[in-house]
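Structure file input_10.pdb (PDB, C-alpha atoms, pLDDT in the B column) is printed below.
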```pdb
ATOM      1  CA  MET G   1     184.140  72.075  51.873  1.00 51.00           C
ATOM      2  CA  LEU G   2     185.747  70.034  49.099  1.00 52.00           C
ATOM      3  CA  ALA G   3     188.843  69.559  51.215  1.00 51.00           C
ATOM      4  CA  SER G   4     186.826  68.289  54.170  1.00 53.00           C
ATOM      5  CA  ARG G   5     184.919  65.872  51.885  1.00 53.00           C
ATOM      6  CA  ALA G   6     188.190  64.627  50.436  1.00 52.00           C
ATOM      7  CA  LEU G   7     189.561  64.358  53.920  1.00 54.00           C
ATOM      8  CA  VAL G   8     186.573  62.298  55.027  1.00 52.00           C
ATOM      9  CA  ARG G   9     186.928  60.036  51.984  1.00 54.00           C
ATOM     10  CA  GLY G  10     190.625  59.698  52.631  1.00 52.00           C
ATOM     11  CA  LEU G  11     189.946  58.793  56.256  1.00 54.00           C
ATOM     12  CA  GLN G  12     187.256  56.322  55.215  1.00 51.00           C
ATOM     13  CA  SER G  13     189.453  54.499  52.696  1.00 49.00           C
ATOM     14  CA  GLY G  14     192.226  54.506  55.294  1.00 50.00           C
ATOM     15  CA  PHE G  15     189.751  53.004  57.750  1.00 51.00           C
ATOM     16  CA  TRP G  16     188.706  50.205  55.404  1.00 48.00           C
ATOM     17  CA  ARG G  17     192.355  49.495  54.576  1.00 49.00           C
ATOM     18  CA  ARG G  18     193.065  49.104  58.265  1.00 48.00           C
ATOM     19  CA  VAL G  19     190.151  46.706  58.677  1.00 45.00           C
ATOM     20  CA  SER G  20     190.925  44.525  55.666  1.00 45.00           C
ATOM     21  CA  THR G  21     194.591  43.817  56.395  1.00 44.00           C
ATOM     22  CA  SER G  22     196.208  42.413  59.511  1.00 47.00           C
ATOM     23  CA  SER G  23     197.830  44.845  61.870  1.00 46.00           C
ATOM     24  CA  ALA G  24     201.357  43.659  61.061  1.00 43.00           C
ATOM     25  CA  ALA G  25     200.850  44.007  57.324  1.00 46.00           C
ATOM     26  CA  TRP G  26     199.198  47.353  57.882  1.00 47.00           C
ATOM     27  CA  ALA G  27     202.168  48.577  59.885  1.00 46.00           C
ATOM     28  CA  ALA G  28     204.451  47.634  57.011  1.00 43.00           C
ATOM     29  CA  HIS G  29     202.267  49.297  54.391  1.00 47.00           C
ATOM     30  CA  THR G  30     201.224  52.486  56.183  1.00 52.00           C
ATOM     31  CA  HIS G  31     202.947  54.736  53.711  1.00 58.00           C
ATOM     32  CA  ASP G  32     202.500  52.318  50.749  1.00 56.00           C
ATOM     33  CA  VAL G  33     205.677  53.349  49.004  1.00 67.00           C
ATOM     34  CA  ASP G  34     206.407  50.061  47.251  1.00 80.00           C
ATOM     35  CA  VAL G  35     202.934  48.622  46.747  1.00 86.00           C
ATOM     36  CA  ILE G  36     200.196  50.915  45.419  1.00 86.00           C
ATOM     37  CA  ASP G  37     196.650  49.689  45.970  1.00 87.00           C
ATOM     38  CA  CYS G  38     195.097  50.285  42.569  1.00 90.00           C
ATOM     39  CA  SER G  39     191.609  49.382  43.724  1.00 93.00           C
ATOM     40  CA  VAL G  40     191.209  52.665  45.623  1.00 92.00           C
ATOM     41  CA  PRO G  41     191.371  56.195  44.179  1.00 92.00           C
ATOM     42  CA  GLN G  42     194.906  57.522  43.930  1.00 92.00           C
ATOM     43  CA  TYR G  43     196.531  60.910  43.939  1.00 93.00           C
ATOM     44  CA  ASN G  44     197.909  62.132  40.607  1.00 92.00           C
ATOM     45  CA  ASN G  45     199.773  65.203  39.368  1.00 93.00           C
ATOM     46  CA  ARG G  46     198.137  65.937  36.022  1.00 93.00           C
ATOM     47  CA  LEU G  47     197.580  69.177  34.187  1.00 93.00           C
ATOM     48  CA  ASP G  48     194.071  68.129  33.213  1.00 93.00           C
ATOM     49  CA  THR G  49     193.022  67.130  36.773  1.00 91.00           C
ATOM     50  CA  PRO G  50     193.066  70.237  38.944  1.00 91.00           C
ATOM     51  CA  LEU G  51     191.347  68.394  41.817  1.00 92.00           C
ATOM     52  CA  PRO G  52     192.686  64.860  42.215  1.00 92.00           C
ATOM     53  CA  ASP G  53     190.585  62.076  43.697  1.00 92.00           C
ATOM     54  CA  VAL G  54     192.324  62.076  47.054  1.00 93.00           C
ATOM     55  CA  PRO G  55     194.430  64.668  48.869  1.00 93.00           C
ATOM     56  CA  PHE G  56     198.165  64.227  48.804  1.00 93.00           C
ATOM     57  CA  VAL G  57     198.666  63.990  52.543  1.00 90.00           C
ATOM     58  CA  ARG G  58     196.241  61.490  54.010  1.00 88.00           C
ATOM     59  CA  ASN G  59     197.697  60.822  57.459  1.00 89.00           C
ATOM     60  CA  LEU G  60     197.578  64.202  59.140  1.00 89.00           C
ATOM     61  CA  SER G  61     199.679  65.066  62.140  1.00 93.00           C
ATOM     62  CA  ALA G  62     198.089  66.816  65.109  1.00 92.00           C
ATOM     63  CA  GLU G  63     198.900  70.334  63.986  1.00 92.00           C
ATOM     64  CA  GLN G  64     197.803  69.546  60.447  1.00 92.00           C
ATOM     65  CA  LYS G  65     194.485  68.368  61.870  1.00 93.00           C
ATOM     66  CA  LYS G  66     194.235  71.638  63.787  1.00 93.00           C
ATOM     67  CA  LEU G  67     194.814  73.519  60.550  1.00 93.00           C
ATOM     68  CA  LYS G  68     192.072  71.534  58.870  1.00 92.00           C
ATOM     69  CA  GLU G  69     189.704  72.461  61.697  1.00 93.00           C
ATOM     70  CA  LYS G  70     190.617  76.127  61.240  1.00 92.00           C
ATOM     71  CA  GLU G  71     189.896  75.744  57.526  1.00 92.00           C
ATOM     72  CA  LYS G  72     186.285  74.930  58.375  1.00 93.00           C
ATOM     73  CA  GLY G  73     185.873  78.493  59.601  1.00 92.00           C
ATOM     74  CA  SER G  74     186.108  81.693  57.627  1.00 92.00           C
ATOM     75  CA  TRP G  75     189.013  81.642  55.177  1.00 92.00           C
ATOM     76  CA  THR G  76     189.792  85.290  55.703  1.00 92.00           C
ATOM     77  CA  GLN G  77     191.151  84.267  59.127  1.00 91.00           C
ATOM     78  CA  LEU G  78     193.860  82.144  57.513  1.00 92.00           C
ATOM     79  CA  THR G  79     197.325  83.601  57.088  1.00 93.00           C
ATOM     80  CA  LYS G  80     199.227  83.271  53.820  1.00 94.00           C
ATOM     81  CA  GLU G  81     201.488  80.539  55.206  1.00 94.00           C
ATOM     82  CA  GLU G  82     198.440  78.574  56.416  1.00 93.00           C
ATOM     83  CA  LYS G  83     196.804  78.789  53.016  1.00 94.00           C
ATOM     84  CA  LEU G  84     200.008  77.546  51.401  1.00 94.00           C
ATOM     85  CA  ALA G  85     200.251  74.734  53.965  1.00 94.00           C
ATOM     86  CA  LEU G  86     196.667  73.701  53.173  1.00 94.00           C
ATOM     87  CA  TYR G  87     197.469  73.706  49.459  1.00 94.00           C
ATOM     88  CA  ARG G  88     200.507  71.491  50.027  1.00 94.00           C
ATOM     89  CA  LEU G  89     198.371  69.117  52.096  1.00 93.00           C
ATOM     90  CA  THR G  90     196.033  68.486  49.179  1.00 93.00           C
ATOM     91  CA  HIS G  91     198.482  68.880  46.291  1.00 94.00           C
ATOM     92  CA  GLU G  92     202.011  67.630  45.833  1.00 93.00           C
ATOM     93  CA  LEU G  93     203.064  69.854  42.913  1.00 94.00           C
ATOM     94  CA  SER G  94     201.772  73.192  41.746  1.00 93.00           C
ATOM     95  CA  TYR G  95     200.979  73.770  38.074  1.00 93.00           C
ATOM     96  CA  ALA G  96     204.234  75.647  37.618  1.00 94.00           C
ATOM     97  CA  GLU G  97     206.149  72.755  39.169  1.00 94.00           C
ATOM     98  CA  MET G  98     204.316  70.234  36.993  1.00 93.00           C
ATOM     99  CA  ARG G  99     205.143  72.163  33.839  1.00 93.00           C
ATOM    100  CA  GLN G 100     208.759  72.638  34.840  1.00 92.00           C
ATOM    101  CA  GLY G 101     210.504  70.103  32.660  1.00 90.00           C
ATOM    102  CA  SER G 102     213.977  68.841  33.307  1.00 93.00           C
ATOM    103  CA  LYS G 103     217.334  68.326  31.675  1.00 95.00           C
ATOM    104  CA  GLU G 104     216.594  64.649  31.130  1.00 96.00           C
ATOM    105  CA  TRP G 105     216.576  65.063  27.366  1.00 97.00           C
ATOM    106  CA  MET G 106     220.312  65.650  27.415  1.00 97.00           C
ATOM    107  CA  THR G 107     220.828  62.308  29.122  1.00 97.00           C
ATOM    108  CA  VAL G 108     218.508  60.601  26.668  1.00 98.00           C
ATOM    109  CA  LEU G 109     220.217  62.139  23.638  1.00 98.00           C
ATOM    110  CA  GLY G 110     223.621  61.302  25.048  1.00 98.00           C
ATOM    111  CA  GLY G 111     222.576  57.711  25.612  1.00 98.00           C
ATOM    112  CA  ILE G 112     221.249  57.485  22.067  1.00 98.00           C
ATOM    113  CA  PHE G 113     224.536  58.744  20.623  1.00 98.00           C
ATOM    114  CA  ILE G 114     226.612  56.421  22.792  1.00 98.00           C
ATOM    115  CA  PHE G 115     224.672  53.403  21.619  1.00 98.00           C
ATOM    116  CA  LEU G 116     224.697  54.581  18.014  1.00 98.00           C
ATOM    117  CA  GLY G 117     228.449  54.923  18.234  1.00 98.00           C
ATOM    118  CA  PHE G 118     228.819  51.473  19.721  1.00 98.00           C
ATOM    119  CA  THR G 119     226.605  50.075  16.968  1.00 98.00           C
ATOM    120  CA  GLY G 120     228.841  51.780  14.448  1.00 98.00           C
ATOM    121  CA  LEU G 121     231.836  49.944  15.864  1.00 98.00           C
ATOM    122  CA  LEU G 122     229.985  46.638  15.602  1.00 98.00           C
ATOM    123  CA  VAL G 123     228.978  47.351  12.016  1.00 98.00           C
ATOM    124  CA  TRP G 124     232.573  48.224  11.158  1.00 97.00           C
ATOM    125  CA  TRP G 125     233.835  44.973  12.663  1.00 97.00           C
ATOM    126  CA  GLN G 126     231.156  43.129  10.697  1.00 97.00           C
ATOM    127  CA  ARG G 127     232.234  44.801   7.471  1.00 96.00           C
ATOM    128  CA  VAL G 128     235.854  43.762   7.992  1.00 95.00           C
ATOM    129  CA  TYR G 129     235.473  40.258   9.446  1.00 96.00           C
ATOM    130  CA  VAL G 130     232.112  38.914   8.251  1.00 97.00           C
ATOM    131  CA  TYR G 131     231.416  40.219   4.759  1.00 96.00           C
ATOM    132  CA  GLY G 132     232.962  38.447   1.761  1.00 92.00           C
ATOM    133  CA  ASP G 133     234.423  40.069  -1.318  1.00 92.00           C
ATOM    134  CA  VAL G 134     232.511  42.566  -3.394  1.00 93.00           C
ATOM    135  CA  PRO G 135     231.423  41.432  -6.937  1.00 95.00           C
ATOM    136  CA  HIS G 136     233.977  41.995  -9.734  1.00 96.00           C
ATOM    137  CA  THR G 137     231.489  44.208 -11.573  1.00 95.00           C
ATOM    138  CA  LEU G 138     232.245  46.941  -9.043  1.00 95.00           C
ATOM    139  CA  SER G 139     235.912  47.181 -10.067  1.00 95.00           C
ATOM    140  CA  GLU G 140     237.075  50.353 -11.809  1.00 96.00           C
ATOM    141  CA  GLU G 141     237.519  48.689 -15.197  1.00 96.00           C
ATOM    142  CA  SER G 142     234.094  47.044 -15.090  1.00 97.00           C
ATOM    143  CA  VAL G 143     232.367  50.277 -14.069  1.00 96.00           C
ATOM    144  CA  ALA G 144     234.075  52.095 -16.951  1.00 95.00           C
ATOM    145  CA  GLN G 145     232.801  49.468 -19.372  1.00 95.00           C
ATOM    146  CA  GLN G 146     229.269  49.754 -17.972  1.00 95.00           C
ATOM    147  CA  THR G 147     229.334  53.552 -18.238  1.00 95.00           C
ATOM    148  CA  GLN G 148     230.508  53.381 -21.835  1.00 94.00           C
ATOM    149  CA  ARG G 149     227.690  50.986 -22.663  1.00 95.00           C
ATOM    150  CA  MET G 150     225.125  53.293 -21.028  1.00 95.00           C
ATOM    151  CA  ILE G 151     226.400  56.203 -23.119  1.00 94.00           C
ATOM    152  CA  ASP G 152     226.245  54.052 -26.298  1.00 94.00           C
ATOM    153  CA  MET G 153     222.631  53.095 -25.499  1.00 93.00           C
ATOM    154  CA  ARG G 154     221.711  56.772 -25.044  1.00 93.00           C
ATOM    155  CA  VAL G 155     220.322  56.242 -21.540  1.00 94.00           C
ATOM    156  CA  ASN G 156     218.069  59.224 -20.536  1.00 93.00           C
ATOM    157  CA  PRO G 157     219.104  61.476 -23.411  1.00 93.00           C
ATOM    158  CA  VAL G 158     216.638  64.331 -22.629  1.00 93.00           C
ATOM    159  CA  HIS G 159     217.353  65.210 -18.989  1.00 91.00           C
ATOM    160  CA  GLY G 160     219.589  62.598 -17.456  1.00 90.00           C
ATOM    161  CA  PHE G 161     222.678  60.483 -18.011  1.00 91.00           C
ATOM    162  CA  SER G 162     223.417  60.777 -21.718  1.00 92.00           C
ATOM    163  CA  HIS G 163     222.282  64.399 -21.745  1.00 92.00           C
ATOM    164  CA  LYS G 164     225.443  65.218 -19.782  1.00 92.00           C
ATOM    165  CA  TRP G 165     227.776  63.541 -22.319  1.00 92.00           C
ATOM    166  CA  ASP G 166     229.060  65.537 -25.269  1.00 91.00           C
ATOM    167  CA  TYR G 167     228.907  63.073 -28.190  1.00 90.00           C
ATOM    168  CA  GLU G 168     231.016  65.259 -30.526  1.00 89.00           C
ATOM    169  CA  LYS G 169     233.848  65.889 -28.146  1.00 88.00           C
ATOM    170  CA  LYS G 170     233.488  62.483 -26.472  1.00 88.00           C
ATOM    171  CA  GLN G 171     233.698  63.855 -22.937  1.00 89.00           C
ATOM    172  CA  TRP G 172     231.441  64.967 -20.091  1.00 90.00           C
ATOM    173  CA  LYS G 173     229.884  68.376 -20.609  1.00 88.00           C
TER     174      LYS G 173
ATOM    175  CA  MET K   1     186.612  88.777  45.222  1.00 52.00           C
ATOM    176  CA  LYS K   2     185.058  87.698  41.920  1.00 54.00           C
ATOM    177  CA  SER K   3     181.480  87.555  43.231  1.00 60.00           C
ATOM    178  CA  THR K   4     180.669  91.198  42.395  1.00 68.00           C
ATOM    179  CA  MET K   5     182.200  91.096  38.872  1.00 82.00           C
ATOM    180  CA  SER K   6     181.218  88.533  36.234  1.00 89.00           C
ATOM    181  CA  LEU K   7     183.359  87.222  33.412  1.00 91.00           C
ATOM    182  CA  VAL K   8     182.364  87.156  29.765  1.00 93.00           C
ATOM    183  CA  LYS K   9     180.845  83.771  28.899  1.00 94.00           C
ATOM    184  CA  PRO K  10     183.307  81.973  26.610  1.00 92.00           C
ATOM    185  CA  ALA K  11     182.240  80.636  23.225  1.00 93.00           C
ATOM    186  CA  MET K  12     180.678  77.235  23.812  1.00 94.00           C
ATOM    187  CA  ARG K  13     179.578  76.255  20.317  1.00 95.00           C
ATOM    188  CA  GLY K  14     180.655  76.541  16.745  1.00 96.00           C
ATOM    189  CA  LEU K  15     184.349  76.307  17.556  1.00 96.00           C
ATOM    190  CA  LEU K  16     185.140  73.949  14.690  1.00 97.00           C
ATOM    191  CA  ALA K  17     183.053  75.990  12.253  1.00 97.00           C
ATOM    192  CA  LYS K  18     184.895  79.127  13.262  1.00 96.00           C
ATOM    193  CA  ARG K  19     188.251  77.426  12.791  1.00 97.00           C
ATOM    194  CA  LEU K  20     187.249  76.019   9.406  1.00 97.00           C
ATOM    195  CA  ARG K  21     185.959  79.387   8.201  1.00 97.00           C
ATOM    196  CA  PHE K  22     189.424  80.742   8.812  1.00 97.00           C
ATOM    197  CA  HIS K  23     191.626  77.834   7.807  1.00 97.00           C
ATOM    198  CA  LEU K  24     189.830  76.217   4.863  1.00 97.00           C
ATOM    199  CA  PRO K  25     190.225  79.128   2.401  1.00 98.00           C
ATOM    200  CA  ILE K  26     193.893  79.298   3.390  1.00 98.00           C
ATOM    201  CA  ALA K  27     194.255  75.552   2.878  1.00 98.00           C
ATOM    202  CA  PHE K  28     192.607  75.631  -0.539  1.00 98.00           C
ATOM    203  CA  GLY K  29     194.628  78.670  -1.531  1.00 98.00           C
ATOM    204  CA  LEU K  30     197.923  77.087  -0.526  1.00 98.00           C
ATOM    205  CA  ALA K  31     197.048  73.862  -2.325  1.00 98.00           C
ATOM    206  CA  LEU K  32     196.232  75.828  -5.464  1.00 98.00           C
ATOM    207  CA  VAL K  33     199.480  77.782  -5.193  1.00 98.00           C
ATOM    208  CA  ALA K  34     201.433  74.544  -4.762  1.00 98.00           C
ATOM    209  CA  ALA K  35     199.803  73.029  -7.851  1.00 98.00           C
ATOM    210  CA  VAL K  36     200.387  76.131  -9.984  1.00 98.00           C
ATOM    211  CA  ALA K  37     203.982  76.460  -8.810  1.00 98.00           C
ATOM    212  CA  PHE K  38     204.666  72.818  -9.621  1.00 98.00           C
ATOM    213  CA  LYS K  39     203.145  73.221 -13.069  1.00 97.00           C
ATOM    214  CA  PHE K  40     205.265  76.214 -13.985  1.00 97.00           C
ATOM    215  CA  THR K  41     208.528  75.104 -12.400  1.00 97.00           C
ATOM    216  CA  VAL K  42     208.472  71.402 -13.263  1.00 97.00           C
ATOM    217  CA  THR K  43     205.984  70.233 -15.873  1.00 97.00           C
ATOM    218  CA  GLU K  44     206.205  73.130 -18.345  1.00 97.00           C
ATOM    219  CA  PRO K  45     210.046  73.146 -18.478  1.00 96.00           C
ATOM    220  CA  ARG K  46     209.982  69.375 -18.795  1.00 96.00           C
ATOM    221  CA  LYS K  47     207.556  69.482 -21.713  1.00 96.00           C
ATOM    222  CA  GLN K  48     209.651  72.192 -23.352  1.00 96.00           C
ATOM    223  CA  ALA K  49     212.852  70.162 -22.890  1.00 95.00           C
ATOM    224  CA  TYR K  50     211.303  67.130 -24.571  1.00 96.00           C
ATOM    225  CA  ALA K  51     209.919  69.270 -27.412  1.00 96.00           C
ATOM    226  CA  ASP K  52     213.322  70.847 -27.977  1.00 95.00           C
ATOM    227  CA  PHE K  53     215.055  67.470 -27.918  1.00 94.00           C
ATOM    228  CA  TYR K  54     212.795  65.947 -30.521  1.00 95.00           C
ATOM    229  CA  LYS K  55     212.571  69.026 -32.765  1.00 95.00           C
ATOM    230  CA  HIS K  56     215.890  68.270 -34.447  1.00 93.00           C
ATOM    231  CA  TYR K  57     216.143  64.571 -33.644  1.00 94.00           C
ATOM    232  CA  ASP K  58     217.468  62.392 -36.438  1.00 95.00           C
ATOM    233  CA  SER K  59     216.431  58.904 -35.437  1.00 94.00           C
ATOM    234  CA  MET K  60     218.337  57.132 -38.230  1.00 95.00           C
ATOM    235  CA  LYS K  61     221.586  58.864 -37.308  1.00 94.00           C
ATOM    236  CA  GLU K  62     221.125  57.920 -33.647  1.00 94.00           C
ATOM    237  CA  PHE K  63     220.273  54.359 -34.624  1.00 95.00           C
ATOM    238  CA  SER K  64     223.414  54.002 -36.766  1.00 94.00           C
ATOM    239  CA  ALA K  65     225.577  55.396 -33.984  1.00 93.00           C
ATOM    240  CA  MET K  66     224.076  52.931 -31.482  1.00 94.00           C
ATOM    241  CA  ARG K  67     224.505  50.075 -33.959  1.00 94.00           C
ATOM    242  CA  GLU K  68     228.166  50.866 -34.531  1.00 93.00           C
ATOM    243  CA  ALA K  69     228.719  50.957 -30.774  1.00 93.00           C
ATOM    244  CA  GLY K  70     227.444  47.383 -30.678  1.00 92.00           C
ATOM    245  CA  VAL K  71     224.554  47.641 -28.219  1.00 93.00           C
ATOM    246  CA  PHE K  72     222.003  45.847 -30.402  1.00 94.00           C
ATOM    247  CA  GLU K  73     221.568  42.098 -30.684  1.00 93.00           C
ATOM    248  CA  SER K  74     219.302  42.119 -33.781  1.00 93.00           C
ATOM    249  CA  VAL K  75     221.740  44.109 -35.948  1.00 93.00           C
ATOM    250  CA  ARG K  76     225.509  43.888 -35.502  1.00 92.00           C
ATOM    251  CA  PRO K  77     227.866  46.741 -36.495  1.00 92.00           C
ATOM    252  CA  THR K  78     228.317  47.156 -40.279  1.00 89.00           C
ATOM    253  CA  GLY K  79     231.899  45.834 -40.045  1.00 78.00           C
ATOM    254  CA  LYS K  80     230.760  42.220 -39.502  1.00 60.00           C
TER     255      LYS K  80
END
```

As structure tokens, how would this structure be written, given the file I've shared?
Amino acid sequence: MLASRALVRGLQSGFWRRVSTSSAAWAAHTHDVDVIDCSVPQYNNRLDTPLPDVPFVRNLSAEQKKLKEKEKGSWTQLTKEEKLALYRLTHELSYAEMRQGSKEWMTVLGGIFIFLGFTGLLVWWQRVYVYGDVPHTLSEESVAQQTQRMIDMRVNPVHGFSHKWDYEKKQWK
Amino acid sequence: MKSTMSLVKPAMRGLLAKRLRFHLPIAFGLALVAAVAFKFTVTEPRKQAYADFYKHYDSMKEFSAMREAGVFESVRPTGK
């Protein structure tokens, strides 16, 4: 009953489409692969929409139409293959197929690493050819002088820096 | 097939209340545990460390040592 209503709606919107565009344009857009008309209801594969607005297959062939006529009768008369065919007429993917997932994440991760690596090369080049010299206070001798001054000032004597220095033996603990 | 047998009606109301009844005591308990654990692993040892440091702290001795090292600007080492 729902399928026949959807079918009627599908046929109606198809009818109006045919009327509103010229026959040449209509011939080009019969299967609207490139241009989707967003002003009419569309089919979607979504986990939260078990019954989409329109059936998946809108232009039925002759035998598909015959199947739809048979569907109007008692459903116990339908064979298993016919029931599956009817399902595939109204739905593109089953729930299992929608939930399937793919191996795309490997491609994405690989792409991320490739570009990170390339960025690393650029950063390295920048470090060598763009940056100037480092300040003299980072030289070994200067750092030793700074460390000695920090120890003399008793920086963080309870838990931190100077706590690790043995003042009697004049060495690190 | 399902017309002769009927399913149990699922819970329609009170879903959040049911979830909170279960999860809120756990949340409060965990928060309390986190606070108590932090107190006894971080703050108490820290307080003890400071107390121990200052128990036998001779400020004049430390001051003289710092002065001799030359870090102060108000007092220079006794040599000068």

Counting only C-alpha atoms, what are the residues of chain K within 10 Å of chain G, and for each of them which pair of atoms is the nearest and at what distance in Å, to one decimal? Sort the table by chain and rising number, as JSON lines.
```
{"residue": "K:Arg46", "atom": "CA", "partner": "G:His159", "partner_atom": "CA", "distance": 8.5}
{"residue": "K:Ala49", "atom": "CA", "partner": "G:Val158", "partner_atom": "CA", "distance": 7.0}
{"residue": "K:Tyr50", "atom": "CA", "partner": "G:Val158", "partner_atom": "CA", "distance": 6.3}
{"residue": "K:Ala51", "atom": "CA", "partner": "G:Val158", "partner_atom": "CA", "distance": 9.6}
{"residue": "K:Asp52", "atom": "CA", "partner": "G:Val158", "partner_atom": "CA", "distance": 9.1}
{"residue": "K:Phe53", "atom": "CA", "partner": "G:Val158", "partner_atom": "CA", "distance": 6.4}
{"residue": "K:Tyr54", "atom": "CA", "partner": "G:Val158", "partner_atom": "CA", "distance": 8.9}
{"residue": "K:Glu62", "atom": "CA", "partner": "G:Arg154", "partner_atom": "CA", "distance": 8.7}
{"residue": "K:Phe63", "atom": "CA", "partner": "G:Met153", "partner_atom": "CA", "distance": 9.5}
{"residue": "K:Ala65", "atom": "CA", "partner": "G:Asp152", "partner_atom": "CA", "distance": 7.8}
{"residue": "K:Met66", "atom": "CA", "partner": "G:Asp152", "partner_atom": "CA", "distance": 5.7}
{"residue": "K:Arg67", "atom": "CA", "partner": "G:Asp152", "partner_atom": "CA", "distance": 8.8}
{"residue": "K:Glu68", "atom": "CA", "partner": "G:Asp152", "partner_atom": "CA", "distance": 9.0}
{"residue": "K:Ala69", "atom": "CA", "partner": "G:Asp152", "partner_atom": "CA", "distance": 6.0}
{"residue": "K:Gly70", "atom": "CA", "partner": "G:Asp152", "partner_atom": "CA", "distance": 8.1}
{"residue": "K:Val71", "atom": "CA", "partner": "G:Met153", "partner_atom": "CA", "distance": 6.4}
{"residue": "K:Phe72", "atom": "CA", "partner": "G:Met153", "partner_atom": "CA", "distance": 8.8}
```

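Put simply, atom CA of G:Leu84 is 24.1 Å away from atom CA of G:Pro41.
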
> Any chance you could work out the residue set of the PyMOL selection byres ((chain G and resi 52) around 10) here, as an MDAnalysis selection string?
Replying inline: chainID G and resid 6 41:46 48:51 53:56 90:91

Starting from 3 Å padding per side, set up an axis-aligned box that covers all listed atoms of stretch 33-49 of chain K and hand over centre and edge lengths in Å, one decimal, as AutoDock Vina command-line options.
```
--center_x 206.2 --center_y 73.6 --center_z -14.1 --size_x 19.4 --size_y 14.4 --size_z 24.6
```

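Taking atom CA of G:Gln126 and atom CA of G:Ile112 as endpoints, the distance between them is 20.8 Å.
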
>> What would the selection look like, as number ranges by chain, if the PyMOL selection byres ((chain G and resi 69) around 12) were run on the coordinates I just shared?
In response: G: 1, 3-4, 7, 60, 62-68, 70-75, 78, 82, 86

> Quick one: distance from atom CA of G:Leu93 to atom CA of G:Leu47 in Å, one decimal?
Replying inline: 10.3 Å

Add whatever atoms are absent from stretch 28-39 of chain K to reach N, CA and C atoms, and provide the output as an mmCIF file, in the frame of the given file.
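In the end it all went to result.cif:
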```cif
data_model
loop_
_atom_site.group_PDB
_atom_site.id
_atom_site.type_symbol
_atom_site.label_atom_id
_atom_site.label_comp_id
_atom_site.auth_asym_id
_atom_site.auth_seq_id
_atom_site.Cartn_x
_atom_site.Cartn_y
_atom_site.Cartn_z
ATOM 1 N N PHE K 28 192.870 75.750 0.902
ATOM 2 C CA PHE K 28 192.607 75.631 -0.539
ATOM 3 C C PHE K 28 193.538 76.529 -1.343
ATOM 4 N N GLY K 29 193.743 77.748 -0.822
ATOM 5 C CA GLY K 29 194.628 78.670 -1.531
ATOM 6 C C GLY K 29 196.034 78.132 -1.636
ATOM 7 N N LEU K 30 196.559 77.617 -0.518
ATOM 8 C CA LEU K 30 197.923 77.087 -0.526
ATOM 9 C C LEU K 30 198.051 75.890 -1.454
ATOM 10 N N ALA K 31 197.006 75.031 -1.441
ATOM 11 C CA ALA K 31 197.048 73.862 -2.325
ATOM 12 C C ALA K 31 197.084 74.299 -3.781
ATOM 13 N N LEU K 32 196.263 75.324 -4.090
ATOM 14 C CA LEU K 32 196.232 75.828 -5.464
ATOM 15 C C LEU K 32 197.583 76.419 -5.853
ATOM 16 N N VAL K 33 198.163 77.184 -4.928
ATOM 17 C CA VAL K 33 199.480 77.782 -5.193
ATOM 18 C C VAL K 33 200.519 76.695 -5.426
ATOM 19 N N ALA K 34 200.464 75.640 -4.609
ATOM 20 C CA ALA K 34 201.433 74.544 -4.762
ATOM 21 C C ALA K 34 201.287 73.897 -6.132
ATOM 22 N N ALA K 35 200.025 73.674 -6.556
ATOM 23 C CA ALA K 35 199.803 73.029 -7.851
ATOM 24 C C ALA K 35 200.307 73.914 -8.985
ATOM 25 N N VAL K 36 199.966 75.214 -8.920
ATOM 26 C CA VAL K 36 200.387 76.131 -9.984
ATOM 27 C C VAL K 36 201.909 76.254 -10.026
ATOM 28 N N ALA K 37 202.522 76.346 -8.861
ATOM 29 C CA ALA K 37 203.982 76.460 -8.810
ATOM 30 C C ALA K 37 204.635 75.228 -9.411
ATOM 31 N N PHE K 38 204.091 74.044 -9.067
ATOM 32 C CA PHE K 38 204.666 72.818 -9.621
ATOM 33 C C PHE K 38 204.537 72.801 -11.131
ATOM 34 N N LYS K 39 203.356 73.220 -11.622
ATOM 35 C CA LYS K 39 203.145 73.221 -13.069
ATOM 36 C C LYS K 39 204.185 74.082 -13.763
#
```
